[in-house]
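Quick look at structure-v5.cif (mmCIF, C-alpha atoms and all ligand atoms):
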data_coords
loop_
_atom_site.label_atom_id
_atom_site.label_comp_id
_atom_site.auth_asym_id
_atom_site.auth_seq_id
_atom_site.Cartn_x
_atom_site.Cartn_y
_atom_site.Cartn_z
CA MET A 1 63.51 148.38 125.52
CA GLU A 2 60.63 150.22 123.82
CA GLU A 3 61.69 153.52 122.33
CA ARG A 4 60.33 156.68 123.93
CA PHE A 5 57.51 158.66 122.40
CA ILE A 6 58.39 162.18 121.34
CA ILE A 7 55.92 165.03 120.81
CA LEU A 8 56.95 168.19 119.00
CA GLN A 9 54.60 171.13 119.49
CA CYS A 10 54.86 174.13 117.19
CA GLY A 11 53.18 177.42 116.29
CA GLN A 12 52.22 175.96 112.95
CA LEU A 13 52.91 172.99 110.76
CA TYR A 14 53.07 172.58 107.00
CA ASP A 15 52.82 168.91 106.08
CA GLY A 16 54.30 169.22 102.58
CA VAL A 17 51.09 168.32 100.71
CA SER A 18 48.16 170.41 102.01
CA GLU A 19 46.99 173.76 100.67
CA ALA A 20 47.55 175.51 103.99
CA ALA A 21 49.43 175.21 107.27
CA LEU A 22 47.90 173.98 110.51
CA ALA A 23 48.12 176.35 113.50
CA ASN A 24 48.95 175.20 117.06
CA ALA A 25 50.06 171.82 115.84
CA ALA A 26 51.75 168.78 117.30
CA ILE A 27 53.59 165.78 115.85
CA LEU A 28 54.04 162.48 117.66
CA TRP A 29 56.63 159.85 116.79
CA GLN A 30 58.29 156.79 118.25
CA GLY A 31 61.64 155.58 117.00
CA SER A 32 61.86 156.79 113.41
CA ARG A 33 58.15 156.58 112.60
CA LEU A 34 55.56 159.37 112.64
CA LEU A 35 52.48 158.22 114.55
CA ALA A 36 50.17 161.24 114.53
CA VAL A 37 49.97 164.80 113.24
CA GLY A 38 47.27 167.24 114.32
CA ARG A 39 46.29 170.03 116.66
CA ARG A 40 48.09 170.48 119.94
CA GLY A 41 46.12 168.72 122.67
CA GLU A 42 44.57 166.26 120.22
CA VAL A 43 47.85 164.41 119.61
CA ALA A 44 49.05 162.33 122.57
CA PRO A 45 51.00 159.14 123.33
CA PRO A 46 49.20 156.15 124.89
CA ALA A 47 48.11 156.96 128.46
CA GLY A 48 50.97 156.62 130.94
CA ALA A 49 53.68 156.09 128.29
CA PRO A 50 56.87 158.07 128.92
CA CYS A 51 57.11 160.91 126.42
CA THR A 52 59.60 163.68 125.64
CA VAL A 53 58.03 167.04 124.73
CA LEU A 54 59.77 169.51 122.42
CA ASP A 55 58.05 172.89 122.35
CA PHE A 56 58.53 175.57 119.67
CA PRO A 57 55.50 177.84 120.21
CA SER A 58 56.38 180.42 117.54
CA ALA A 59 58.10 178.22 114.97
CA THR A 60 56.96 176.36 111.83
CA ALA A 61 57.56 172.63 111.41
CA LEU A 62 57.91 171.14 107.93
CA PRO A 63 59.11 167.87 106.43
CA GLY A 64 62.91 167.64 106.28
CA LEU A 65 64.15 168.99 102.96
CA ILE A 66 65.27 166.83 100.04
CA ASP A 67 68.12 168.04 97.82
CA GLU A 68 67.81 166.17 94.57
CA HIS A 69 71.17 167.32 93.15
CA THR A 70 74.48 167.53 95.01
CA HIS A 71 78.15 166.71 94.48
CA LEU A 72 79.30 165.64 97.93
CA SER A 73 82.91 165.02 96.96
CA LEU A 74 83.45 168.53 95.60
CA PRO A 75 84.19 171.41 98.00
CA GLY A 76 82.19 174.27 96.39
CA ASP A 77 85.08 176.60 97.19
CA GLY A 78 85.18 178.63 93.98
CA ARG A 79 87.81 176.58 92.18
CA SER A 80 87.26 175.22 88.68
CA TYR A 81 86.53 171.53 88.13
CA GLU A 82 90.00 171.15 86.66
CA GLU A 83 91.51 172.38 89.94
CA MET A 84 89.12 170.38 92.13
CA VAL A 85 89.88 167.08 90.44
CA ARG A 86 93.52 167.37 91.46
CA ASP A 87 92.31 166.37 94.94
CA SER A 88 92.84 162.66 95.62
CA ASP A 89 89.94 160.26 96.01
CA ASP A 90 90.81 160.04 99.72
CA LEU A 91 90.51 163.79 100.16
CA MET A 92 87.27 163.80 98.16
CA ALA A 93 85.78 161.30 100.62
CA ILE A 94 86.73 163.57 103.53
CA ILE A 95 85.21 166.56 101.70
CA GLY A 96 82.07 164.46 101.29
CA ALA A 97 81.88 163.74 105.02
CA ARG A 98 82.14 167.46 105.76
CA ASN A 99 79.47 168.32 103.19
CA LEU A 100 77.07 165.72 104.59
CA ALA A 101 77.26 167.43 107.99
CA LEU A 102 76.77 170.91 106.48
CA HIS A 103 73.65 169.89 104.59
CA LEU A 104 72.13 168.03 107.53
CA ARG A 105 72.56 171.03 109.84
CA SER A 106 70.80 173.24 107.28
CA GLY A 107 67.67 171.07 107.31
CA VAL A 108 68.32 168.67 104.43
CA THR A 109 67.44 165.16 105.62
CA THR A 110 67.72 163.37 102.25
CA LEU A 111 70.00 164.06 99.30
CA ARG A 112 71.14 162.59 96.04
CA ASP A 113 74.84 162.53 95.16
CA HIS A 114 75.08 163.04 91.43
CA GLY A 115 78.38 161.50 90.57
CA ALA A 116 81.66 161.02 92.39
CA ARG A 117 84.93 159.69 91.03
CA ASN A 118 85.70 155.97 91.07
CA GLN A 119 84.54 154.47 94.41
CA VAL A 120 84.21 157.71 96.40
CA GLY A 121 80.39 157.85 96.28
CA PHE A 122 80.11 154.23 97.37
CA ALA A 123 82.57 154.80 100.25
CA LEU A 124 80.39 157.68 101.48
CA LYS A 125 77.28 155.54 101.16
CA GLU A 126 78.88 152.79 103.26
CA ALA A 127 80.20 155.30 105.82
CA LEU A 128 76.65 156.62 106.29
CA ARG A 129 75.26 153.09 106.58
CA ARG A 130 77.80 152.19 109.26
CA GLY A 131 77.17 155.43 111.11
CA TYR A 132 80.79 156.64 110.80
CA VAL A 133 79.56 160.03 109.58
CA GLN A 134 76.43 162.01 110.30
CA GLY A 135 74.44 163.18 107.34
CA PRO A 136 71.18 163.19 105.45
CA ARG A 137 69.78 159.93 104.10
CA GLY A 138 71.82 159.49 100.91
CA LEU A 139 71.08 158.19 97.44
CA PHE A 140 74.20 157.71 95.34
CA SER A 141 74.59 157.53 91.56
CA GLY A 142 78.21 156.38 91.75
CA ARG A 143 80.13 157.60 88.71
CA SER A 144 78.23 159.88 86.36
CA ILE A 145 78.24 158.47 82.84
CA THR A 146 79.52 160.72 80.05
CA CYS A 147 80.94 160.61 76.53
CA THR A 148 84.69 160.65 75.90
CA GLY A 149 85.91 164.13 76.83
CA GLY A 150 82.40 165.06 78.01
CA HIS A 151 81.16 166.88 81.11
CA PHE A 152 82.69 165.24 84.24
CA HIS A 153 84.80 162.87 82.10
CA PHE A 154 87.23 162.66 85.06
CA MET A 155 84.78 160.63 87.19
CA GLY A 156 85.84 157.32 85.66
CA ALA A 157 82.81 156.39 83.56
CA ALA A 158 83.31 157.56 79.97
CA ALA A 159 81.16 155.56 77.54
CA ASP A 160 80.52 155.92 73.82
CA GLY A 161 77.83 153.99 72.01
CA PRO A 162 74.92 151.91 73.38
CA ASP A 163 77.06 148.90 74.40
CA ALA A 164 79.52 151.00 76.40
CA VAL A 165 76.68 152.93 78.05
CA ARG A 166 75.02 149.65 79.01
CA ARG A 167 78.30 148.39 80.48
CA GLU A 168 78.80 151.53 82.59
CA VAL A 169 75.23 151.41 83.90
CA ARG A 170 75.73 147.77 84.89
CA ARG A 171 79.12 148.46 86.50
CA ASN A 172 77.68 151.31 88.55
CA ILE A 173 74.60 149.41 89.67
CA HIS A 174 76.64 146.39 90.74
CA ASP A 175 78.98 148.67 92.67
CA GLY A 176 75.94 149.92 94.60
CA ALA A 177 74.42 152.84 92.64
CA ASP A 178 70.92 153.80 93.78
CA TYR A 179 70.12 155.50 90.44
CA VAL A 180 71.87 156.44 87.19
CA LYS A 181 73.21 159.89 86.28
CA ILE A 182 74.12 160.54 82.66
CA MET A 183 75.46 163.69 81.00
CA ALA A 184 73.25 164.34 77.95
CA SER A 185 75.01 167.59 77.00
CA GLY A 186 78.21 169.45 77.73
CA GLY A 187 78.52 171.53 80.90
CA GLY A 188 80.99 173.51 82.99
CA THR A 189 83.88 171.09 82.35
CA ALA A 190 86.54 172.78 80.21
CA GLY A 191 86.33 171.81 76.56
CA THR A 192 82.78 170.47 76.72
CA LEU A 193 79.96 171.89 74.62
CA PRO A 194 76.84 172.86 76.61
CA GLY A 195 75.02 173.84 73.42
CA TYR A 196 75.23 170.33 71.97
CA ALA A 197 73.75 166.97 72.90
CA SER A 198 76.56 164.63 73.92
CA TYR A 199 74.48 161.45 73.60
CA SER A 200 71.97 160.35 71.00
CA GLU A 201 68.42 159.41 71.95
CA ALA A 202 69.38 155.75 71.32
CA GLU A 203 72.28 155.90 73.79
CA LEU A 204 70.09 157.52 76.46
CA ARG A 205 67.36 154.96 75.84
CA VAL A 206 69.82 152.14 76.60
CA ALA A 207 70.73 153.84 79.89
CA VAL A 208 67.03 154.13 80.80
CA GLU A 209 66.22 150.52 79.82
CA GLU A 210 69.21 149.14 81.66
CA ALA A 211 68.49 151.19 84.79
CA ARG A 212 64.83 150.08 84.76
CA ARG A 213 65.87 146.44 84.43
CA PHE A 214 67.40 146.83 87.90
CA GLY A 215 64.58 148.99 89.26
CA LYS A 216 66.58 152.22 89.15
CA LEU A 217 65.65 155.76 88.12
CA THR A 218 67.62 157.91 85.66
CA VAL A 219 68.73 161.52 85.77
CA ALA A 220 70.17 163.42 82.78
CA HIS A 221 72.20 166.62 82.76
CA CYS A 222 70.61 168.65 79.94
CA ARG A 223 71.69 172.16 79.04
CA ALA A 224 71.30 171.97 75.25
CA THR A 225 67.78 172.05 73.82
CA THR A 226 68.64 169.00 71.69
CA SER A 227 69.64 167.11 74.84
CA ILE A 228 66.29 167.95 76.48
CA LEU A 229 64.45 166.47 73.51
CA ASN A 230 66.68 163.36 73.44
CA ALA A 231 66.20 162.76 77.17
CA ALA A 232 62.43 163.32 76.99
CA ARG A 233 62.08 160.86 74.11
CA ALA A 234 64.34 158.30 75.79
CA GLY A 235 62.13 158.30 78.89
CA VAL A 236 64.64 159.74 81.39
CA ASP A 237 62.95 160.20 84.78
CA LEU A 238 64.40 163.59 85.74
CA LEU A 239 66.17 166.31 83.76
CA GLU A 240 68.69 168.70 85.30
CA HIS A 241 69.20 172.38 84.43
CA VAL A 242 66.92 172.45 81.31
CA GLN A 243 68.50 175.66 80.07
CA PHE A 244 67.40 175.58 76.41
CA HIS A 245 70.82 176.39 74.96
CA ASP A 246 71.10 176.39 71.19
CA ALA A 247 74.38 175.33 69.59
CA ASP A 248 75.60 178.95 69.71
CA LEU A 249 74.87 178.94 73.48
CA ALA A 250 72.09 181.49 73.08
CA VAL A 251 69.04 180.71 75.23
CA ARG A 252 65.88 180.22 73.17
CA PHE A 253 62.89 178.63 74.88
CA ASP A 254 61.32 176.06 72.56
CA PRO A 255 57.66 175.41 73.47
CA ARG A 256 57.51 172.24 71.35
CA VAL A 257 60.44 170.72 73.22
CA ALA A 258 58.88 171.82 76.52
CA GLU A 259 55.62 170.12 75.49
CA ALA A 260 57.48 166.90 74.61
CA LEU A 261 59.14 167.04 78.02
CA LEU A 262 55.84 167.62 79.80
CA GLN A 263 54.23 164.72 77.93
CA SER A 264 57.15 162.44 78.87
CA GLY A 265 56.15 162.82 82.54
CA ALA A 266 59.72 163.63 83.60
CA TYR A 267 60.55 165.78 86.59
CA VAL A 268 62.63 168.94 86.14
CA SER A 269 65.29 170.26 88.48
CA PRO A 270 66.05 173.83 87.33
CA THR A 271 69.08 174.22 89.68
CA LEU A 272 68.36 177.95 89.95
CA GLN A 273 70.99 178.90 92.54
CA ALA A 274 73.69 177.20 90.50
CA GLY A 275 72.45 178.76 87.29
CA THR A 276 72.42 182.22 88.81
CA GLN A 277 75.43 181.81 91.14
CA TYR A 278 73.07 183.10 93.80
CA ALA A 279 75.47 182.98 96.76
CA SER A 280 77.90 185.32 94.95
CA LEU A 281 74.99 187.49 93.89
CA LEU A 282 73.80 187.88 97.49
CA GLY A 283 77.34 188.80 98.57
CA LEU A 284 77.67 191.41 95.83
CA ARG A 285 74.24 192.90 96.59
CA ALA A 286 75.20 193.25 100.27
CA LYS A 287 78.43 195.02 99.27
CA GLN A 288 76.47 197.26 96.92
CA GLU A 289 74.17 198.30 99.78
CA ARG A 290 77.24 199.25 101.82
CA GLY A 291 78.60 201.18 98.81
CA GLU A 292 81.73 199.01 98.72
CA LEU A 293 81.66 197.59 95.18
CA THR A 294 84.84 197.88 93.12
CA PRO A 295 84.39 198.61 89.38
CA ALA A 296 85.16 194.96 88.59
CA GLU A 297 82.57 193.81 91.12
CA LYS A 298 80.00 196.22 89.65
CA GLU A 299 80.51 194.58 86.28
CA ARG A 300 80.30 191.15 87.85
CA LEU A 301 77.06 192.05 89.64
CA ALA A 302 75.47 193.35 86.42
CA TRP A 303 76.42 190.11 84.62
CA ASN A 304 75.08 188.07 87.53
CA GLU A 305 71.75 189.93 87.61
CA SER A 306 71.22 189.54 83.87
CA TYR A 307 72.15 185.86 83.98
CA GLN A 308 69.66 185.35 86.82
CA GLU A 309 66.96 187.04 84.76
CA GLU A 310 67.73 184.73 81.83
CA ARG A 311 67.37 181.63 84.03
CA LEU A 312 64.19 182.90 85.68
CA THR A 313 62.68 183.69 82.27
CA ILE A 314 63.05 180.02 81.27
CA PHE A 315 61.66 178.98 84.66
CA ARG A 316 58.59 181.20 84.17
CA ARG A 317 58.02 179.76 80.71
CA LEU A 318 58.14 176.23 82.17
CA LEU A 319 55.55 177.21 84.78
CA GLU A 320 53.32 178.65 82.02
CA CYS A 321 53.57 175.30 80.23
CA GLY A 322 52.26 173.44 83.30
CA PHE A 323 55.43 172.21 85.03
CA ALA A 324 54.60 173.60 88.51
CA GLY A 325 53.90 170.16 90.01
CA ARG A 326 56.96 168.59 88.39
CA ILE A 327 59.59 171.04 89.62
CA VAL A 328 62.13 169.55 92.04
CA ALA A 329 64.70 171.44 94.13
CA GLY A 330 68.36 170.70 93.47
CA SER A 331 71.26 172.85 94.63
CA ASP A 332 74.16 171.45 92.58
CA SER A 333 76.19 172.02 95.77
CA GLY A 334 79.90 171.28 95.53
CA CYS A 335 80.41 172.79 92.08
CA PHE A 336 82.15 176.16 91.60
CA ASP A 337 81.39 178.25 94.72
CA PHE A 338 78.10 176.55 95.59
CA ALA A 339 78.82 175.61 99.20
CA PHE A 340 76.70 173.00 100.97
CA GLY A 341 74.02 174.15 103.39
CA HIS A 342 71.96 176.43 101.12
CA LEU A 343 69.25 174.42 99.38
CA GLN A 344 66.91 177.13 100.67
CA TYR A 345 68.28 179.54 98.03
CA ASP A 346 66.69 177.41 95.30
CA LEU A 347 63.28 177.73 96.93
CA GLU A 348 63.72 181.49 97.27
CA LEU A 349 64.50 181.77 93.56
CA MET A 350 61.52 179.58 92.64
CA VAL A 351 59.30 182.04 94.52
CA VAL A 352 60.93 184.99 92.73
CA GLY A 353 60.21 183.07 89.51
CA GLY A 354 56.52 182.86 90.32
CA LEU A 355 56.00 179.54 92.14
CA PRO A 356 53.74 180.00 95.21
CA ASN A 357 55.59 179.44 98.53
CA ARG A 358 53.81 176.20 99.37
CA GLN A 359 54.64 174.76 95.96
CA ALA A 360 58.28 175.77 96.30
CA ILE A 361 58.33 173.91 99.63
CA ARG A 362 56.73 170.88 97.95
CA ALA A 363 59.50 170.97 95.33
CA ALA A 364 61.90 170.10 98.16
CA THR A 365 59.53 167.78 100.06
CA SER A 366 56.58 165.80 98.65
CA VAL A 367 57.32 166.32 94.94
CA ALA A 368 61.02 165.64 95.46
CA ALA A 369 60.18 162.46 97.39
CA LYS A 370 58.22 161.18 94.38
CA ALA A 371 60.99 162.20 92.00
CA VAL A 372 63.65 160.27 93.93
CA GLY A 373 61.40 157.22 94.39
CA LEU A 374 60.90 157.54 98.16
CA ALA A 375 57.34 158.90 98.34
CA GLU A 376 56.25 156.01 100.58
CA ARG A 377 58.81 156.93 103.23
CA ILE A 378 59.56 160.66 103.18
CA GLY A 379 58.48 164.07 101.87
CA SER A 380 55.42 164.75 104.01
CA LEU A 381 54.37 164.79 107.64
CA GLN A 382 51.87 161.97 107.68
CA PRO A 383 51.52 158.96 109.99
CA GLY A 384 53.68 156.06 108.89
CA LYS A 385 56.36 158.25 107.29
CA GLU A 386 59.88 158.75 108.60
CA ALA A 387 60.16 161.38 111.33
CA ASP A 388 62.23 163.82 109.23
CA LEU A 389 61.55 167.41 110.28
CA LEU A 390 62.80 170.91 109.79
CA VAL A 391 61.69 173.52 112.33
CA VAL A 392 62.24 177.16 111.41
CA ALA A 393 61.57 180.51 113.07
CA GLY A 394 58.85 182.51 111.33
CA ASP A 395 56.45 181.56 108.56
CA PRO A 396 57.98 180.31 105.28
CA LEU A 397 54.52 180.20 103.70
CA ARG A 398 54.53 184.02 103.84
CA ASP A 399 58.27 184.68 103.65
CA ILE A 400 60.23 181.88 102.01
CA SER A 401 63.52 183.17 103.42
CA ALA A 402 62.28 182.04 106.87
CA LEU A 403 63.45 178.58 105.78
CA ARG A 404 66.99 179.75 106.50
CA GLN A 405 66.15 180.37 110.20
CA VAL A 406 66.76 176.80 111.32
CA VAL A 407 65.66 176.06 114.90
CA ALA A 408 65.74 172.26 114.88
CA VAL A 409 66.33 169.34 112.53
CA VAL A 410 65.08 165.80 113.15
CA LYS A 411 66.19 162.91 110.96
CA GLY A 412 64.68 159.47 111.34
CA GLY A 413 63.25 160.47 114.73
CA GLU A 414 66.55 161.73 116.13
CA ARG A 415 67.10 165.41 116.82
CA VAL A 416 70.37 166.34 115.09
CA VAL A 417 70.19 170.16 115.47
ZN ZN A 501 75.56 168.85 88.99
#

Could you take the file, read its structure, and then write that structure out as structure tokens?
Ligand SMILES: [Zn+2]
Amino acid sequence: MEERFIILQCGQLYDGVSEAALANAAILWQGSRLLAVGRRGEVAPPAGAPCTVLDFPSATALPGLIDEHTHLSLPGDGRSYEEMVRDSDDLMAIIGARNLALHLRSGVTTLRDHGARNQVGFALKEALRRGYVQGPRGLFSGRSITCTGGHFHFMGAAADGPDAVRREVRRNIHDGADYVKIMASGGGTAGTLPGYASYSEAELRVAVEEARRFGKLTVAHCRATTSILNAARAGVDLLEHVQFHDADLAVRFDPRVAEALLQSGAYVSPTLQAGTQYASLLGLRAKQERGELTPAEKERLAWNESYQEERLTIFRRLLECGFAGRIVAGSDSGCFDFAFGHLQYDLELMVVGGLPNRQAIRAATSVAAKAVGLAERIGSLQPGKEADLLVVAGDPLRDISALRQVVAVVKGGERVV
């Protein structure tokens, strides 16, 4: 039986690529494929064809969001990594199923999973493929690759030296990895050193070459300035965090390293909500407004605000260097207390940091689609693309926080919210 046509009419539409939104718009699709996008009244199914009409006269329709950086198998419940990894692989898979649902309901229709232990990522990938769980379209890195004792060393893919890195890339890809995640510096894992590169340029280059041999992209976790330079020179496709930490952990923006990164053509995911612990910050600000902060919370809030300013300062410097079109949204959900369902916070912080609203939206739609290698299929509302849509109340091109007011979510043509 032919699938029904569906028309969604909305107050306005932002297609993820244009300079401005289109008022009184309509989108037509059949099955999972977008057929037409335009003004209401001008978009119609073939004469006489049965068609379902969805009408949101005061809402804005956008492409479904893409979260380039998540950790599905971690609960984001405030515990440390060392506590979280006491969960069994079985429990981690169940956590992943829950997180998939949370992100989908919030408007994320595609995500990357940046490293799960052993086979957990691949089990989630297969569960999605079989339709056992509902979630965004998923791209899975499998185990994140790291040096002995390095950031996320408990994921089951420690590798030292070019040969070992090559072996881990091959193991992951043959287990089903869609791309390769490698830890180029220390991070939040106890004992690791975020101010130091944990891999040489030569080791990273092997990961990139080996991934490319199998047609895969690479992502590197880079907090140390030296790791940013190594990853840029090695040709890594996307860099995470990009915090410009010196060995002493002080933050010192280095314009020459930024220039090398820009010239490399890599995308940058600044993970602003993770870097600023934005969810906690919002909670503390709300308590402050009610006059309910304890002295300890006051101290915590001050630290949080200054840390946010430090992260946004680096973000502004990157924008000044010409990175606006290469910024990609990534929530780092699952880590610490970064619960799933809040990719929108990253876009809000990008706007605070000086990115225009429409460009912040592109960072989670059309630019993100290019960065994850799916630009042909997703990231914009154009005929031929997947019918992935987020419908929100209000106008996120004027007020970015409107993205949180989810009215409907459509993934692959099917309304899921
Ligand atoms: Zn991460």

Contacts of ligand ZN 501 (chain A), 8 Å or closer, only C-alpha atoms and all ligand atoms, given as a VMD selection string: chain A and resid 69 to 71 114 221 240 332 to 333 335

Would you mind listing what lies within 12 Å of Phe140 in chain A as JSON, numbers by chain, with only C-alpha atoms counted and same-chain residues fewer than 5 positions away left out? {"A": [68, 69, 70, 71, 72, 73, 96, 110, 111, 112, 113, 114, 115, 116, 117, 119, 120, 121, 122, 123, 124, 125, 126, 128, 172, 173, 175, 176, 177, 178, 179, 180, 181, 216, 217, 218, 219, 372]}

Computed interatomic separation between CA of Val352 in chain A and CA of Ala274 in chain A (Å):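 Spanning CA of Val352 in chain A to CA of Ala274 in chain A is a straight-line distance of 15.1 Å.
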
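Distance-wise, CA of Ala159 in chain A and CA of Ser185 in chain A end up 13.5 Å apart.
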
Have a look at A:Val17, A:Phe154, A:Trp29, A:Ala329 and name the one nearest to Arg86 in chain A; count only C-alpha atoms.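 Once distances to Arg86 in chain A are computed over only C-alpha atoms, the minimum belongs to A:Phe154.
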
Just to confirm, what's the straight-line distance from CA of Arg137 in chain A to CA of Gln344 in chain A in Å (one decimal)?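 Distance between the two atoms: 17.8 Å.
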
Counting all atoms listed in the file, figure out which residue out of A:Arg233, A:His151, A:Lys298, A:Arg252 gets nearest to Val208 in chain A.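 Closest to Val208 in chain A of all the choices is A:Arg233.
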
For a quick check of understanding, using all atoms listed in the file, which of A:Gly76, A:Ile66, A:Ala234, A:Gly341 has the smallest distance to Ala369 in chain A?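 Result for the nearest residue to Ala369 in chain A: A:Ile66.
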
Of the candidates A:Glu310, A:Glu2, A:Phe152, A:Gly412, which shows the shortest atom-to-atom distance to Ala190 in chain A, using all atoms listed in the file?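 Closest to Ala190 in chain A, using all atoms listed in the file: A:Phe152.
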
Out of A:Arg105, A:Arg311, A:His245, A:Arg39, which residue has the shortest atom-to-atom distance to Ala197 in chain A when counting all atoms listed in the file?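 Under the stated criterion, the closest residue is A:His245.
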
Which is closest to Ala23 in chain A among A:Asp395, A:Glu309, A:Leu390, A:Pro270, if we use all atoms listed in the file?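 Nearest candidate to Ala23 in chain A out of A:Asp395, A:Glu309, A:Leu390, A:Pro270: A:Asp395.
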
Give one line per residue of range 216-259 of chain A that approaches range 198-201 of chain A to at most 12 Å, naming the two atoms of the closest pair and their distance in Å to one decimal, counting all atoms listed in the file; sort by chain then ascending residue number and deliver it as a tab-separated table.
residue	atom	partner	partner_atom	distance
A:Ala220	CA	A:Tyr199	CA	10.3
A:His221	CA	A:Ser198	CA	10.1
A:Cys222	CA	A:Ser198	CA	9.4
A:Arg223	CA	A:Ser198	CA	10.3
A:Ala224	CA	A:Ser198	CA	9.1
A:Thr225	CA	A:Ser198	CA	11.5
A:Thr226	CA	A:Ser200	CA	9.3
A:Ser227	CA	A:Ser198	CA	7.4
A:Ile228	CA	A:Glu201	CA	9.9
A:Leu229	CA	A:Glu201	CA	8.2
A:Asn230	CA	A:Glu201	CA	4.6
A:Ala231	CA	A:Glu201	CA	6.6
A:Ala232	CA	A:Glu201	CA	8.8
A:Arg233	CA	A:Glu201	CA	6.9
A:Ala234	CA	A:Glu201	CA	5.7
A:Gly235	CA	A:Glu201	CA	9.4
A:Val236	CA	A:Glu201	CA	10.2
A:Ala247	CA	A:Ser198	CA	11.7

8 Å contact set for Arg377 in chain A, all atoms listed in the file, chain neighbours under 5 positions out, as an MDAnalysis selection string: chainID A and resid 384:386

Can you pull out every residue within 9 Å of Glu168 in chain A, counting all atoms listed in the file, but drop anything in the same chain fewer than 5 positions away, and send it as a list in words?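 After dropping sequence-adjacent residues, the list is Arg143, Ile145, Ala157, Ala158, Ala159, Asp163, Ile173 and Ala207 of chain A.
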
Taking C-alpha atoms for each residue, export the selection above as a short mmCIF file (atom, residue, chain, number, x, y, z; two decimals), keeping the file's coordinate frame.
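Saved to out_27.cif:
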data_model
loop_
_atom_site.label_atom_id
_atom_site.label_comp_id
_atom_site.auth_asym_id
_atom_site.auth_seq_id
_atom_site.Cartn_x
_atom_site.Cartn_y
_atom_site.Cartn_z
CA ARG A 143 80.13 157.60 88.71
CA ILE A 145 78.24 158.47 82.84
CA ALA A 157 82.81 156.39 83.56
CA ALA A 158 83.31 157.56 79.97
CA ALA A 159 81.16 155.56 77.54
CA ASP A 163 77.06 148.90 74.40
CA ILE A 173 74.60 149.41 89.67
CA ALA A 207 70.73 153.84 79.89
#

What would the list of residues within 10 Å of (56.1, 165.0, 88.8) (file frame) look like as an MDAnalysis selection string, if only C-alpha atoms are what count? chainID A and resid 237:238 262 265:268 323:328 363 366:371

Please list, as a list of chain:residue names, the residues that have an atom at most 12 Å away from (88.7, 179.0, 88.7) in the coordinates of this file, counting all atoms listed in the file.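 These residues have at least one counted atom within 12 Å: A:Gly76, A:Asp77, A:Gly78, A:Arg79, A:Ser80, A:Tyr81, A:Glu82, A:Glu83, A:Met84, A:Gly188, A:Thr189, A:Ala190, A:Cys335, A:Phe336, A:Asp337.
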
For range 81-97 of chain A, I'd like the enclosing box, axis-aligned and padded by 5 Å on every side, reported as lines of an AutoDock Vina configuration file with centre and edge lengths in Å to one decimal.
center_x = 87.7
center_y = 166.2
center_z = 95.8
size_x = 21.6
size_y = 22.3
size_z = 28.4
